[in-house]
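What follows is the content of model.csv (CSV, C-alpha atoms and all ligand atoms).
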chain,number,residue,atom,x,y,z
T,64,MET,CA,0.0,0.0,0.0
T,65,ALA,CA,1.2,3.5,-0.8
T,66,LYS,CA,2.7,5.6,2.0
T,67,LYS,CA,1.0,9.0,2.3
T,68,ILE,CA,3.2,12.1,2.8
T,69,VAL,CA,1.5,15.4,3.4
T,70,VAL,CA,3.6,18.2,2.0
T,71,ILE,CA,3.1,21.6,3.5
T,72,PRO,CA,5.1,24.2,1.5
T,73,GLY,CA,4.0,27.2,3.7
T,74,ASP,CA,5.4,30.6,3.0
T,75,GLY,CA,8.5,32.3,1.5
T,76,ILE,CA,11.0,29.9,0.1
T,77,GLY,CA,8.8,27.0,1.5
T,78,SER,CA,7.5,26.0,-1.9
T,79,GLU,CA,10.9,26.0,-3.6
T,80,ILE,CA,12.6,23.9,-1.0
T,81,THR,CA,9.7,21.4,-0.6
T,82,THR,CA,9.6,21.0,-4.4
T,83,SER,CA,13.3,20.0,-4.3
T,84,ALA,CA,12.8,17.5,-1.5
T,85,VAL,CA,9.9,15.9,-3.3
T,86,GLU,CA,11.9,15.5,-6.5
T,87,VAL,CA,14.6,13.8,-4.5
T,88,LEU,CA,12.0,11.6,-2.8
T,89,LYS,CA,10.6,10.6,-6.1
T,90,LYS,CA,14.0,9.6,-7.4
T,91,VAL,CA,14.8,7.6,-4.3
T,92,ALA,CA,11.4,5.9,-4.4
T,93,GLU,CA,12.1,4.8,-7.9
T,94,LYS,CA,15.5,3.4,-6.9
T,95,PHE,CA,14.3,1.6,-3.8
T,96,SER,CA,10.8,0.6,-5.2
T,97,LEU,CA,8.9,2.6,-2.6
T,98,ASP,CA,5.3,3.5,-3.2
T,99,LEU,CA,4.9,7.1,-2.0
T,100,GLU,CA,2.0,9.4,-2.5
T,101,TYR,CA,2.0,13.2,-1.9
T,102,ASP,CA,-0.9,15.3,-0.7
T,103,TYR,CA,-0.3,19.1,-0.7
T,104,LYS,CA,-1.8,21.3,2.1
T,105,ASP,CA,-1.8,24.9,3.1
T,106,ALA,CA,-0.5,26.4,6.3
T,107,GLY,CA,1.0,29.7,7.6
T,108,GLY,CA,0.5,33.1,6.1
T,109,THR,CA,-0.6,31.5,2.8
T,110,ALA,CA,-3.4,29.7,4.6
T,111,TYR,CA,-4.3,32.9,6.5
T,112,ASP,CA,-4.6,34.8,3.2
T,113,LYS,CA,-6.8,32.1,1.7
T,114,PHE,CA,-8.9,30.9,4.6
T,115,GLY,CA,-8.4,33.5,7.4
T,116,VAL,CA,-6.6,30.9,9.6
T,117,PRO,CA,-3.0,29.8,9.7
T,118,LEU,CA,-3.8,26.1,10.2
T,119,PRO,CA,-7.1,25.0,8.5
T,120,ASP,CA,-8.7,21.9,10.0
T,121,ASP,CA,-8.4,20.2,6.6
T,122,THR,CA,-4.6,20.5,6.9
T,123,LEU,CA,-4.4,19.2,10.5
T,124,ASN,CA,-6.8,16.3,9.7
T,125,ALA,CA,-4.8,15.3,6.6
T,126,CYS,CA,-1.6,15.3,8.7
T,127,LYS,CA,-3.2,13.0,11.3
T,128,GLU,CA,-4.0,10.5,8.6
T,129,ALA,CA,-0.6,10.6,6.9
T,130,ASP,CA,2.4,8.4,7.3
T,131,GLY,CA,4.7,11.5,7.5
T,132,VAL,CA,4.6,15.3,7.0
T,133,LEU,CA,7.2,17.3,5.1
T,134,PHE,CA,7.0,20.9,6.1
T,135,GLY,CA,8.7,23.9,4.5
T,136,ALA,CA,8.6,27.1,6.5
T,137,VAL,CA,6.1,29.7,7.6
T,138,GLY,CA,6.1,33.4,8.4
T,139,GLY,CA,7.1,36.7,6.8
T,140,ASP,CA,6.9,40.4,7.6
T,141,LYS,CA,3.7,40.6,5.5
T,142,TRP,CA,1.9,39.1,8.5
T,143,ASP,CA,3.7,41.0,11.3
T,144,ASN,CA,0.6,42.9,12.2
T,145,VAL,CA,-2.1,40.2,12.2
T,146,ASP,CA,-3.7,39.1,15.4
T,147,PRO,CA,-1.1,37.1,17.5
T,148,ALA,CA,-3.5,34.2,17.6
T,149,LEU,CA,-3.6,34.0,13.8
T,150,ARG,CA,0.1,34.6,13.1
T,151,PRO,CA,1.7,32.2,10.5
T,152,GLU,CA,3.9,30.7,13.3
T,153,LYS,CA,0.6,29.5,14.9
T,154,ALA,CA,0.5,26.9,12.1
T,155,ILE,CA,3.6,25.1,13.2
T,156,LEU,CA,2.7,25.5,16.9
T,157,GLY,CA,-0.8,24.1,16.2
T,158,LEU,CA,0.7,21.2,14.2
T,159,ARG,CA,3.0,20.4,17.1
T,160,LYS,CA,0.2,20.4,19.6
T,161,GLY,CA,-2.4,18.8,17.3
T,162,LEU,CA,-0.1,15.9,16.3
T,163,GLY,CA,1.5,15.6,19.8
T,164,LEU,CA,5.0,16.2,18.4
T,165,TYR,CA,6.7,16.1,21.8
T,166,ALA,CA,10.2,15.6,20.6
T,167,ASN,CA,12.3,17.7,18.2
T,168,LEU,CA,15.5,16.1,17.0
T,169,ARG,CA,18.0,18.5,15.5
T,170,PRO,CA,21.2,16.7,14.4
T,171,VAL,CA,24.3,18.8,13.8
T,172,LYS,CA,27.1,16.9,12.0
T,173,VAL,CA,29.8,18.8,10.2
T,174,ALA,CA,30.8,17.3,6.9
T,175,ASP,CA,34.6,17.8,6.3
T,176,SER,CA,33.8,19.8,3.1
T,177,LEU,CA,31.8,22.3,5.3
T,178,VAL,CA,34.2,22.8,8.2
T,179,GLU,CA,35.4,26.1,6.7
T,180,TYR,CA,31.9,27.6,6.7
T,181,SER,CA,31.7,27.5,10.5
T,182,PRO,CA,32.5,30.9,12.2
T,183,LEU,CA,34.5,28.8,14.6
T,184,LYS,CA,38.1,27.7,14.0
T,185,PRO,CA,38.4,24.5,12.0
T,186,GLU,CA,40.1,22.6,14.8
T,187,LEU,CA,37.1,23.3,17.1
T,188,VAL,CA,34.5,22.2,14.6
T,189,LYS,CA,36.1,19.1,13.1
T,190,GLY,CA,34.3,16.0,14.4
T,191,VAL,CA,31.3,17.8,15.8
T,192,ASP,CA,28.4,15.3,15.8
T,193,LEU,CA,25.6,16.1,18.2
T,194,VAL,CA,21.9,16.0,18.3
T,195,ILE,CA,19.6,18.3,20.2
T,196,VAL,CA,16.6,16.6,21.7
T,197,ARG,CA,14.2,19.5,22.4
T,198,GLU,CA,10.9,19.1,24.2
T,199,LEU,CA,8.4,20.6,21.8
T,200,VAL,CA,4.8,20.8,23.2
T,201,GLY,CA,5.3,22.1,26.7
T,202,GLY,CA,7.1,24.7,28.7
T,203,ILE,CA,6.7,28.5,28.2
T,204,TYR,CA,5.6,28.1,24.6
T,205,PHE,CA,2.3,26.4,25.6
T,206,GLY,CA,1.8,27.7,29.1
T,207,GLU,CA,-0.9,30.2,30.0
T,208,LYS,CA,-0.2,33.7,28.8
T,209,CYS,CA,-1.5,37.2,29.0
T,210,GLU,CA,-0.9,39.7,26.2
T,211,SER,CA,-1.7,42.7,28.3
T,212,GLU,CA,-3.1,43.6,31.7
T,213,MET,CA,-2.9,46.5,34.1
T,214,LYS,CA,-1.3,45.9,37.4
T,215,ASP,CA,-0.2,48.6,39.9
T,216,GLY,CA,-0.8,51.2,37.3
T,217,ALA,CA,1.5,49.6,34.7
T,218,GLU,CA,0.7,47.5,31.6
T,219,ARG,CA,2.3,44.1,31.7
T,220,ALA,CA,2.3,40.8,29.8
T,221,TRP,CA,3.3,37.3,31.0
T,222,ASP,CA,4.0,33.8,29.9
T,223,LEU,CA,3.9,30.8,32.2
T,224,GLU,CA,6.8,28.3,32.1
T,225,ASN,CA,5.7,24.9,33.5
T,226,TYR,CA,6.6,21.2,33.1
T,227,SER,CA,5.1,18.1,34.6
T,228,VAL,CA,7.0,15.0,35.5
T,229,PRO,CA,5.3,12.8,32.7
T,230,GLU,CA,6.3,15.5,30.1
T,231,VAL,CA,9.9,15.4,31.3
T,232,ASP,CA,9.9,11.6,31.6
T,233,ARG,CA,8.9,11.0,28.0
T,234,ILE,CA,11.3,13.4,26.4
T,235,SER,CA,14.2,12.2,28.6
T,236,LYS,CA,13.4,8.6,27.8
T,237,LEU,CA,13.8,9.5,24.1
T,238,ALA,CA,17.0,11.3,24.7
T,239,PHE,CA,18.5,8.3,26.6
T,240,GLU,CA,17.3,5.9,23.9
T,241,THR,CA,18.9,8.2,21.3
T,242,ALA,CA,22.2,8.3,23.2
T,243,LYS,CA,22.3,4.5,23.5
T,244,LEU,CA,22.5,4.3,19.7
T,245,ARG,CA,25.2,7.0,19.6
T,246,ARG,CA,28.1,7.7,21.9
T,247,GLY,CA,26.2,7.1,25.1
T,248,LYS,CA,26.3,10.7,26.6
T,249,VAL,CA,23.4,12.9,27.6
T,250,THR,CA,23.9,16.5,28.6
T,251,SER,CA,20.7,17.8,30.2
T,252,VAL,CA,20.5,21.6,29.9
T,253,ASP,CA,18.4,23.7,32.4
T,254,LYS,CA,18.6,26.7,34.6
T,255,ALA,CA,18.2,24.9,37.9
T,256,ASN,CA,20.1,27.6,39.8
T,257,VAL,CA,17.1,29.9,39.2
T,258,LEU,CA,14.0,28.2,37.9
T,259,ALA,CA,11.7,25.8,39.8
T,260,THR,CA,10.7,24.1,36.5
T,261,SER,CA,14.4,23.4,35.9
T,262,ARG,CA,14.8,21.8,39.3
T,263,LEU,CA,11.9,19.4,38.6
T,264,TRP,CA,13.4,18.8,35.2
T,265,ARG,CA,16.8,17.9,36.6
T,266,ARG,CA,15.3,15.6,39.3
T,267,THR,CA,13.2,13.8,36.7
T,268,VAL,CA,16.0,13.3,34.3
T,269,ALA,CA,18.2,11.9,37.1
T,270,GLU,CA,15.5,9.3,37.9
T,271,MET,CA,15.3,8.3,34.2
T,272,ALA,CA,19.1,8.0,34.1
T,273,LYS,CA,18.9,5.1,36.6
T,274,ASN,CA,17.4,2.9,33.8
T,275,TYR,CA,20.3,3.6,31.5
T,276,SER,CA,23.5,2.5,33.2
T,277,ASP,CA,25.3,2.5,29.8
T,278,VAL,CA,24.5,6.2,29.3
T,279,GLU,CA,26.5,9.0,31.0
T,280,LEU,CA,24.4,11.9,32.2
T,281,ASN,CA,25.8,15.5,32.7
T,282,ASN,CA,23.8,18.5,33.8
T,283,MET,CA,24.7,21.9,32.4
T,284,TYR,CA,23.2,25.4,32.9
T,285,VAL,CA,21.9,26.9,29.7
T,286,ASP,CA,24.1,29.9,29.8
T,287,ASN,CA,27.2,27.7,30.2
T,288,CYS,CA,25.9,25.4,27.4
T,289,ALA,CA,25.6,28.4,25.1
T,290,MET,CA,29.3,29.2,25.8
T,291,GLN,CA,30.4,25.6,25.6
T,292,LEU,CA,28.8,25.2,22.2
T,293,ALA,CA,30.9,28.1,21.0
T,294,THR,CA,34.2,27.0,22.6
T,295,HIS,CA,34.1,23.2,22.7
T,296,PRO,CA,31.2,21.9,20.6
T,297,SER,CA,32.7,18.4,20.0
T,298,GLN,CA,32.1,17.4,23.7
T,299,PHE,CA,28.4,17.0,23.1
T,300,ASP,CA,26.6,13.9,22.0
T,301,VAL,CA,22.9,14.3,23.0
T,302,ILE,CA,21.7,17.6,24.3
T,303,LEU,CA,18.4,17.2,26.2
T,304,THR,CA,16.5,20.4,26.9
T,305,GLY,CA,13.2,22.1,27.2
T,306,ASN,CA,11.2,24.0,24.5
T,307,LEU,CA,12.6,27.6,24.9
T,308,PHE,CA,16.2,26.7,25.6
T,309,GLY,CA,16.1,24.2,22.8
T,310,ASP,CA,14.9,26.8,20.4
T,311,ILE,CA,17.8,29.1,21.2
T,312,LEU,CA,20.5,26.5,21.4
T,313,SER,CA,19.5,24.7,18.2
T,314,ASP,CA,20.1,27.9,16.2
T,315,GLU,CA,23.5,28.4,17.8
T,316,ALA,CA,24.4,24.7,17.2
T,317,ALA,CA,23.3,25.1,13.6
T,318,VAL,CA,25.7,28.0,12.8
T,319,VAL,CA,28.5,26.1,14.6
T,320,GLY,CA,27.8,23.4,12.0
T,321,GLY,CA,28.4,25.9,9.2
T,322,SER,CA,25.1,26.8,7.6
T,323,ILE,CA,21.6,26.9,9.0
T,324,GLY,CA,20.5,26.1,5.4
T,325,MET,CA,21.8,22.6,5.7
T,326,MET,CA,20.2,21.5,8.9
T,327,PRO,CA,17.2,19.1,9.0
T,328,SER,CA,14.9,18.3,11.9
T,329,ALA,CA,12.4,15.6,12.9
T,330,SER,CA,9.5,16.3,15.2
T,331,ILE,CA,8.5,12.9,16.6
T,332,GLY,CA,4.9,12.5,17.7
T,333,GLU,CA,2.6,9.9,19.1
T,334,CYS,CA,1.2,9.1,15.6
T,335,THR,CA,2.4,11.1,12.6
T,336,SER,CA,5.8,12.8,12.8
T,337,LEU,CA,6.8,16.0,11.0
T,338,TYR,CA,10.0,16.9,9.2
T,339,GLU,CA,11.3,20.4,8.4
T,340,PRO,CA,14.5,22.3,7.9
T,341,ILE,CA,15.4,24.4,10.9
T,342,HIS,CA,15.8,27.6,8.9
T,343,GLY,CA,12.8,29.9,8.3
T,344,SER,CA,10.9,31.2,5.3
T,345,ALA,CA,13.5,33.7,4.2
T,346,PRO,CA,11.1,36.1,2.6
T,347,ASP,CA,14.0,38.3,1.3
T,348,ILE,CA,15.0,35.6,-1.2
T,349,ALA,CA,11.6,33.9,-1.8
T,350,GLY,CA,10.8,33.3,-5.5
T,351,LYS,CA,14.3,33.9,-6.6
T,352,GLY,CA,15.2,30.2,-7.0
T,353,ILE,CA,18.4,30.5,-5.0
T,354,ALA,CA,17.4,29.0,-1.6
T,355,ASN,CA,19.5,26.2,-0.3
T,356,PRO,CA,17.2,23.0,-0.5
T,357,VAL,CA,19.6,20.8,1.5
T,358,GLY,CA,18.0,21.2,4.9
T,359,THR,CA,14.7,20.1,3.5
T,360,ILE,CA,16.2,17.3,1.4
T,361,LEU,CA,17.9,16.0,4.6
T,362,SER,CA,14.6,16.3,6.5
T,363,ALA,CA,13.0,14.1,3.8
T,364,ALA,CA,15.8,11.6,4.6
T,365,MET,CA,14.8,11.7,8.3
T,366,LEU,CA,11.2,11.1,7.2
T,367,LEU,CA,12.2,7.9,5.4
T,368,ARG,CA,14.3,6.8,8.4
T,369,TYR,CA,11.9,7.5,11.3
T,370,SER,CA,8.4,7.4,9.8
T,371,LEU,CA,8.8,4.8,7.0
T,372,GLY,CA,11.7,2.7,8.4
T,373,GLU,CA,13.6,3.0,5.1
T,374,GLU,CA,17.1,3.4,6.6
T,375,GLU,CA,18.8,2.5,3.3
T,376,ALA,CA,16.9,5.0,1.3
T,377,ALA,CA,17.6,7.6,4.0
T,378,GLN,CA,21.3,7.0,3.9
T,379,ALA,CA,21.3,7.1,0.1
T,380,ILE,CA,20.0,10.7,0.3
T,381,GLU,CA,22.5,11.7,2.9
T,382,LYS,CA,25.4,10.2,0.9
T,383,ALA,CA,24.1,11.9,-2.3
T,384,VAL,CA,24.1,15.3,-0.5
T,385,ASP,CA,27.7,14.7,0.7
T,386,SER,CA,28.7,13.7,-2.9
T,387,ALA,CA,27.1,16.8,-4.4
T,388,LEU,CA,29.0,19.0,-1.9
T,389,ASP,CA,32.3,17.1,-2.6
T,390,LYS,CA,31.8,17.8,-6.3
T,391,GLY,CA,31.8,21.5,-5.4
T,392,TRP,CA,28.2,22.4,-5.8
T,393,ARG,CA,27.2,25.2,-3.5
T,394,THR,CA,24.0,27.4,-3.3
T,395,ALA,CA,24.5,31.1,-3.0
T,396,ASP,CA,24.5,31.0,0.9
T,397,LEU,CA,27.7,28.9,0.8
T,398,TRP,CA,29.2,29.8,-2.5
T,399,ARG,CA,32.9,30.9,-2.7
T,400,GLU,CA,35.4,31.4,-5.4
T,401,GLY,CA,36.5,28.0,-6.9
T,402,PHE,CA,33.1,26.3,-6.4
T,403,LYS,CA,30.1,25.7,-8.7
T,404,LYS,CA,27.3,28.1,-7.9
T,405,ALA,CA,24.0,26.4,-7.9
T,406,THR,CA,20.4,27.6,-8.0
T,407,THR,CA,17.9,25.6,-5.9
T,408,GLU,CA,17.1,23.6,-9.0
T,409,GLU,CA,20.7,22.9,-9.9
T,410,MET,CA,21.5,21.8,-6.4
T,411,THR,CA,18.6,19.5,-6.4
T,412,LYS,CA,19.7,18.0,-9.8
T,413,ALA,CA,23.2,17.6,-8.4
T,414,VAL,CA,21.9,15.6,-5.5
T,415,ILE,CA,19.6,13.5,-7.7
T,416,GLU,CA,22.5,12.7,-10.1
T,417,CYS,CA,24.5,11.4,-7.1
T,418,LEU,CA,21.7,9.1,-6.0
T,501,LIG,C1,11.7,26.7,15.4
T,501,LIG,C2,11.1,28.0,15.2
T,501,LIG,C3,9.7,28.1,15.8
T,501,LIG,C4,10.0,27.9,17.3
T,501,LIG,C5,8.9,29.3,15.5
T,501,LIG,C6,8.7,29.5,14.1
T,501,LIG,C7,7.6,29.3,16.2
T,501,LIG,O1,12.0,29.1,15.6
T,501,LIG,O2,11.2,25.7,15.0
T,501,LIG,O3,12.8,26.6,16.0
T,501,LIG,O4,10.2,28.9,18.0
T,501,LIG,O5,9.9,26.8,17.8
T,502,MG,MG,13.8,28.4,16.3

Let me see the structure of the file written as structure tokens.
Ligand code: IPM
Ligand code: MG
Amino acid sequence: MAKKIVVIPGDGIGSEITTSAVEVLKKVAEKFSLDLEYDYKDAGGTAYDKFGVPLPDDTLNACKEADGVLFGAVGGDKWDNVDPALRPEKAILGLRKGLGLYANLRPVKVADSLVEYSPLKPELVKGVDLVIVRELVGGIYFGEKCESEMKDGAERAWDLENYSVPEVDRISKLAFETAKLRRGKVTSVDKANVLATSRLWRRTVAEMAKNYSDVELNNMYVDNCAMQLATHPSQFDVILTGNLFGDILSDEAAVVGGSIGMMPSASIGECTSLYEPIHGSAPDIAGKGIANPVGTILSAAMLLRYSLGEEEAAQAIEKAVDSALDKGWRTADLWREGFKKATTEEMTKAVIECL
């Protein structure tokens, strides 16, 4: 039976990069005799313009029925002034909540050919191979909030950070399981010197660690972790953290890895999982055909791996990306003298030719 992939291009460069990833998926499906079906759905500002909401029910329902979701990006200055409850970003937050996507995996592995793109010295970056396991449906992102209220004569706003033991349990279990298949090291990142939620987090992670004698657990404060990522990134294997800290640290880790345009992610849920590049919708270059499709292509590889169990096909895509880079193909964000400058389409072709 065909496996159904819902494709959500979204806004900005979203349609260019998802088109690329689907072309690569079609080629790999042919090669490995996979039966894949694609169903395109709207979300983000594009959906807001058409239907007045960033996440139509039809889109969420289609995702629930699918075997996997490939997501481009949402957002853009065009929608900066819409009601906060209807902002394009609400589409991705609504999908995370609606699909129960509790874990976000963001791997950062620096290919030798890309070491020079990192703002860090090559000797610091060589060999970096880490994955951030970010809690994705709790914490301050989904706590109670108030946009505006008057208190003691002053206007204020607030967002509530909160975590329950079961929420921390399930994300830490996934982090330990992930570490077991890697180098066996979990660094749990919190702010336990200040925040009550972080103290509960730390305690709960320590309990979970007792089930994994083969995995080493370290605790690190988030400010220190931000510094360690910039000074000694190769020490990390699995970084386990909450929603807000994970958001910030994963962008930092991505630039350490050279280019945010190259980084994929998987958001693992109770039923359907979702795959997206970690960069945004880049409205400034939308429609120009120059966006880097690699983050989305590698996200499609993660979809094959985690949602369809097609490890071989996933690795084929990852190897093809490495080969295209080795052959000197670079999109504008990474292009330098001596390399072949590729449009989105040319980069896609180069990957497909290496498959
Ligand atoms: C990300 C993004 C989102 C987040 C935004 C678009 C809501 O920055 O996936 O990291 O903050 O989680
Ligand atoms: Mg982010």

Listing only residues of stretch 290-344 of chain T within 12 Å of stretch 65-69 of chain T, what is the closest atom pair and its distance in Å (to one decimal) for each, using all atoms listed in the file, sorted by chain and residue number ascending, as JSON lines?
{"residue": "T:Thr335", "atom": "CA", "partner": "T:Ile68", "partner_atom": "CA", "distance": 9.9}
{"residue": "T:Ser336", "atom": "CA", "partner": "T:Ile68", "partner_atom": "CA", "distance": 10.4}
{"residue": "T:Leu337", "atom": "CA", "partner": "T:Val69", "partner_atom": "CA", "distance": 9.3}
{"residue": "T:Tyr338", "atom": "CA", "partner": "T:Val69", "partner_atom": "CA", "distance": 10.4}

List every residue of chain T that has an atom at most 10 Å from any atom of ligand LIG 501 (chain T), giving for each one its closest atom pair and the distance in Å to one decimal, counting only C-alpha atoms and all ligand atoms, sorted by chain and then by ascending residue number, as a Markdown table.
| residue | atom | partner | partner_atom | distance |
| --- | --- | --- | --- | --- |
| T:Ala136 | CA | T:LIG501 | C6 | 8.0 |
| T:Val137 | CA | T:LIG501 | C6 | 7.0 |
| T:Gly138 | CA | T:LIG501 | C6 | 7.4 |
| T:Arg150 | CA | T:LIG501 | C7 | 9.7 |
| T:Pro151 | CA | T:LIG501 | C6 | 8.3 |
| T:Glu152 | CA | T:LIG501 | C7 | 4.9 |
| T:Lys153 | CA | T:LIG501 | C7 | 7.1 |
| T:Ala154 | CA | T:LIG501 | C7 | 8.5 |
| T:Ile155 | CA | T:LIG501 | C7 | 6.5 |
| T:Leu156 | CA | T:LIG501 | C7 | 6.2 |
| T:Gly157 | CA | T:LIG501 | C7 | 9.9 |
| T:Arg159 | CA | T:LIG501 | O5 | 9.4 |
| T:Asn167 | CA | T:LIG501 | O2 | 8.7 |
| T:Arg169 | CA | T:LIG501 | O3 | 9.6 |
| T:Arg197 | CA | T:LIG501 | O5 | 9.6 |
| T:Leu199 | CA | T:LIG501 | O5 | 7.5 |
| T:Val200 | CA | T:LIG501 | O5 | 9.5 |
| T:Tyr204 | CA | T:LIG501 | O4 | 8.1 |
| T:Asn306 | CA | T:LIG501 | O5 | 7.4 |
| T:Leu307 | CA | T:LIG501 | O4 | 7.4 |
| T:Phe308 | CA | T:LIG501 | O4 | 9.9 |
| T:Gly309 | CA | T:LIG501 | O3 | 7.9 |
| T:Asp310 | CA | T:LIG501 | O3 | 4.9 |
| T:Ile311 | CA | T:LIG501 | O3 | 7.6 |
| T:Leu312 | CA | T:LIG501 | O3 | 9.4 |
| T:Ser313 | CA | T:LIG501 | O3 | 7.3 |
| T:Asp314 | CA | T:LIG501 | O3 | 7.4 |
| T:Ser328 | CA | T:LIG501 | O2 | 8.8 |
| T:Ser330 | CA | T:LIG501 | O2 | 9.6 |
| T:Glu339 | CA | T:LIG501 | O2 | 8.5 |
| T:Pro340 | CA | T:LIG501 | O2 | 8.5 |
| T:Ile341 | CA | T:LIG501 | O2 | 6.0 |
| T:His342 | CA | T:LIG501 | C1 | 7.7 |
| T:Gly343 | CA | T:LIG501 | C6 | 7.1 |
| T:Ser344 | CA | T:LIG501 | C6 | 9.2 |

Self-check item: Between atom CA of T:Trp221 and atom CA of T:Trp264, distance in Å (one decimal)
Solution: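 Atom-to-atom, atom CA of T:Trp221 and atom CA of T:Trp264 are spaced 21.5 Å apart.
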
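Here atom CA of T:Gly391 stands at a distance of 9.9 Å from atom CA of T:Ala413.
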
Practice problem: Counting all atoms listed in the file, figure out which residue out of T:Leu244, T:Met410, T:Met283, T:Ile415 gets nearest to T:Glu93. | Solution: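 The shortest atom-to-atom distance to T:Glu93 comes from T:Ile415.
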
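Using only C-alpha atoms, the nearest neighbour of T:Leu177 within the list T:Gly332, T:Pro229, T:Gly321, T:Gly401 is T:Gly321.
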
Quiz item: What's the 10 Å shell around T:Ala110, counting all atoms listed in the file, without same-chain residues fewer than 2 positions away, as number ranges by chain?
Solution: T: 73-74, 104-108, 112-119, 122, 137, 151, 154

Using C-alpha atoms, can you write the selected residues to a file as a short mmCIF file (atom, residue, chain, number, x, y, z; two decimals), in the frame of the given file?
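Saved to out-v3.cif:
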data_model
loop_
_atom_site.label_atom_id
_atom_site.label_comp_id
_atom_site.auth_asym_id
_atom_site.auth_seq_id
_atom_site.Cartn_x
_atom_site.Cartn_y
_atom_site.Cartn_z
CA GLY T 73 4.00 27.20 3.70
CA ASP T 74 5.40 30.60 3.00
CA LYS T 104 -1.80 21.30 2.10
CA ASP T 105 -1.80 24.90 3.10
CA ALA T 106 -0.50 26.40 6.30
CA GLY T 107 1.00 29.70 7.60
CA GLY T 108 0.50 33.10 6.10
CA ASP T 112 -4.60 34.80 3.20
CA LYS T 113 -6.80 32.10 1.70
CA PHE T 114 -8.90 30.90 4.60
CA GLY T 115 -8.40 33.50 7.40
CA VAL T 116 -6.60 30.90 9.60
CA PRO T 117 -3.00 29.80 9.70
CA LEU T 118 -3.80 26.10 10.20
CA PRO T 119 -7.10 25.00 8.50
CA THR T 122 -4.60 20.50 6.90
CA VAL T 137 6.10 29.70 7.60
CA PRO T 151 1.70 32.20 10.50
CA ALA T 154 0.50 26.90 12.10
#

Exercise. Figure out the distance between atom CA of T:Met326 and atom CA of T:Ser362, please, to one decimal in Å.
Key: 8.0 Å

Self-check item: Residue contacts of T:Asp396 (8 Å, only C-alpha atoms) excluding same-chain residues fewer than 5 positions away, as a PyMOL selection string
Solution: chain T and resi 322+324+354-355

Each side padded by 6 Å, which centre and which edge lengths in Å (one decimal) define the axis-aligned box around the listed atoms of stretch 395-407 of chain T? Give them as AutoDock Vina command-line options.
--center_x 27.2 --center_y 28.5 --center_z -3.9 --size_x 30.6 --size_y 17.8 --size_z 21.6

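Considering the residues T:Ile76, T:Ile302, T:Ile353, T:Val231 and counting all atoms listed in the file, T:Ala395 has its shortest atom-to-atom contact with T:Ile353.
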
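Of the listed residues (T:Ser261, T:Ser211, T:Thr267, T:Thr411), T:Thr267 comes nearest to T:Lys236; the distances count only C-alpha atoms.
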
Quiz item: When distances are computed from only C-alpha atoms and all ligand atoms, which of T:Lys412, T:Gly358, T:His295, T:Ile323 shows the smallest separation from ligand MG 502 (chain T)?
Solution: T:Ile323

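Checking T:Pro296, T:Thr304, T:Glu270, T:Met64 one by one against T:Ser251, counting only C-alpha atoms, you find the shortest gap at T:Thr304.
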
Given the point (21.2, 17.7, 35.4) in the coordinates of this file, which residues lie within 12 Å, counting only C-alpha atoms, and how would they look as a tab-separated table (two decimals) with C-alpha atoms, in the coordinates of the input?
chain	number	residue	atom	x	y	z
T	235	SER	CA	14.20	12.20	28.60
T	249	VAL	CA	23.40	12.90	27.60
T	250	THR	CA	23.90	16.50	28.60
T	251	SER	CA	20.70	17.80	30.20
T	252	VAL	CA	20.50	21.60	29.90
T	253	ASP	CA	18.40	23.70	32.40
T	254	LYS	CA	18.60	26.70	34.60
T	255	ALA	CA	18.20	24.90	37.90
T	256	ASN	CA	20.10	27.60	39.80
T	261	SER	CA	14.40	23.40	35.90
T	262	ARG	CA	14.80	21.80	39.30
T	263	LEU	CA	11.90	19.40	38.60
T	264	TRP	CA	13.40	18.80	35.20
T	265	ARG	CA	16.80	17.90	36.60
T	266	ARG	CA	15.30	15.60	39.30
T	267	THR	CA	13.20	13.80	36.70
T	268	VAL	CA	16.00	13.30	34.30
T	269	ALA	CA	18.20	11.90	37.10
T	270	GLU	CA	15.50	9.30	37.90
T	271	MET	CA	15.30	8.30	34.20
T	272	ALA	CA	19.10	8.00	34.10
T	279	GLU	CA	26.50	9.00	31.00
T	280	LEU	CA	24.40	11.90	32.20
T	281	ASN	CA	25.80	15.50	32.70
T	282	ASN	CA	23.80	18.50	33.80
T	283	MET	CA	24.70	21.90	32.40
T	284	TYR	CA	23.20	25.40	32.90
T	285	VAL	CA	21.90	26.90	29.70
T	302	ILE	CA	21.70	17.60	24.30
T	303	LEU	CA	18.40	17.20	26.20
T	304	THR	CA	16.50	20.40	26.90

Per residue of stretch 174-229 of chain T within 12 Å of stretch 380-389 of chain T, note the shortest atom pair and the distance in Å to one decimal, counting only C-alpha atoms, and order the rows by chain and increasing residue number, as CSV.
residue,atom,partner,partner_atom,distance
T:Ala174,CA,T:Asp385,CA,7.4
T:Asp175,CA,T:Asp389,CA,9.2
T:Ser176,CA,T:Asp389,CA,6.5
T:Leu177,CA,T:Leu388,CA,8.4
T:Val178,CA,T:Leu388,CA,12.0
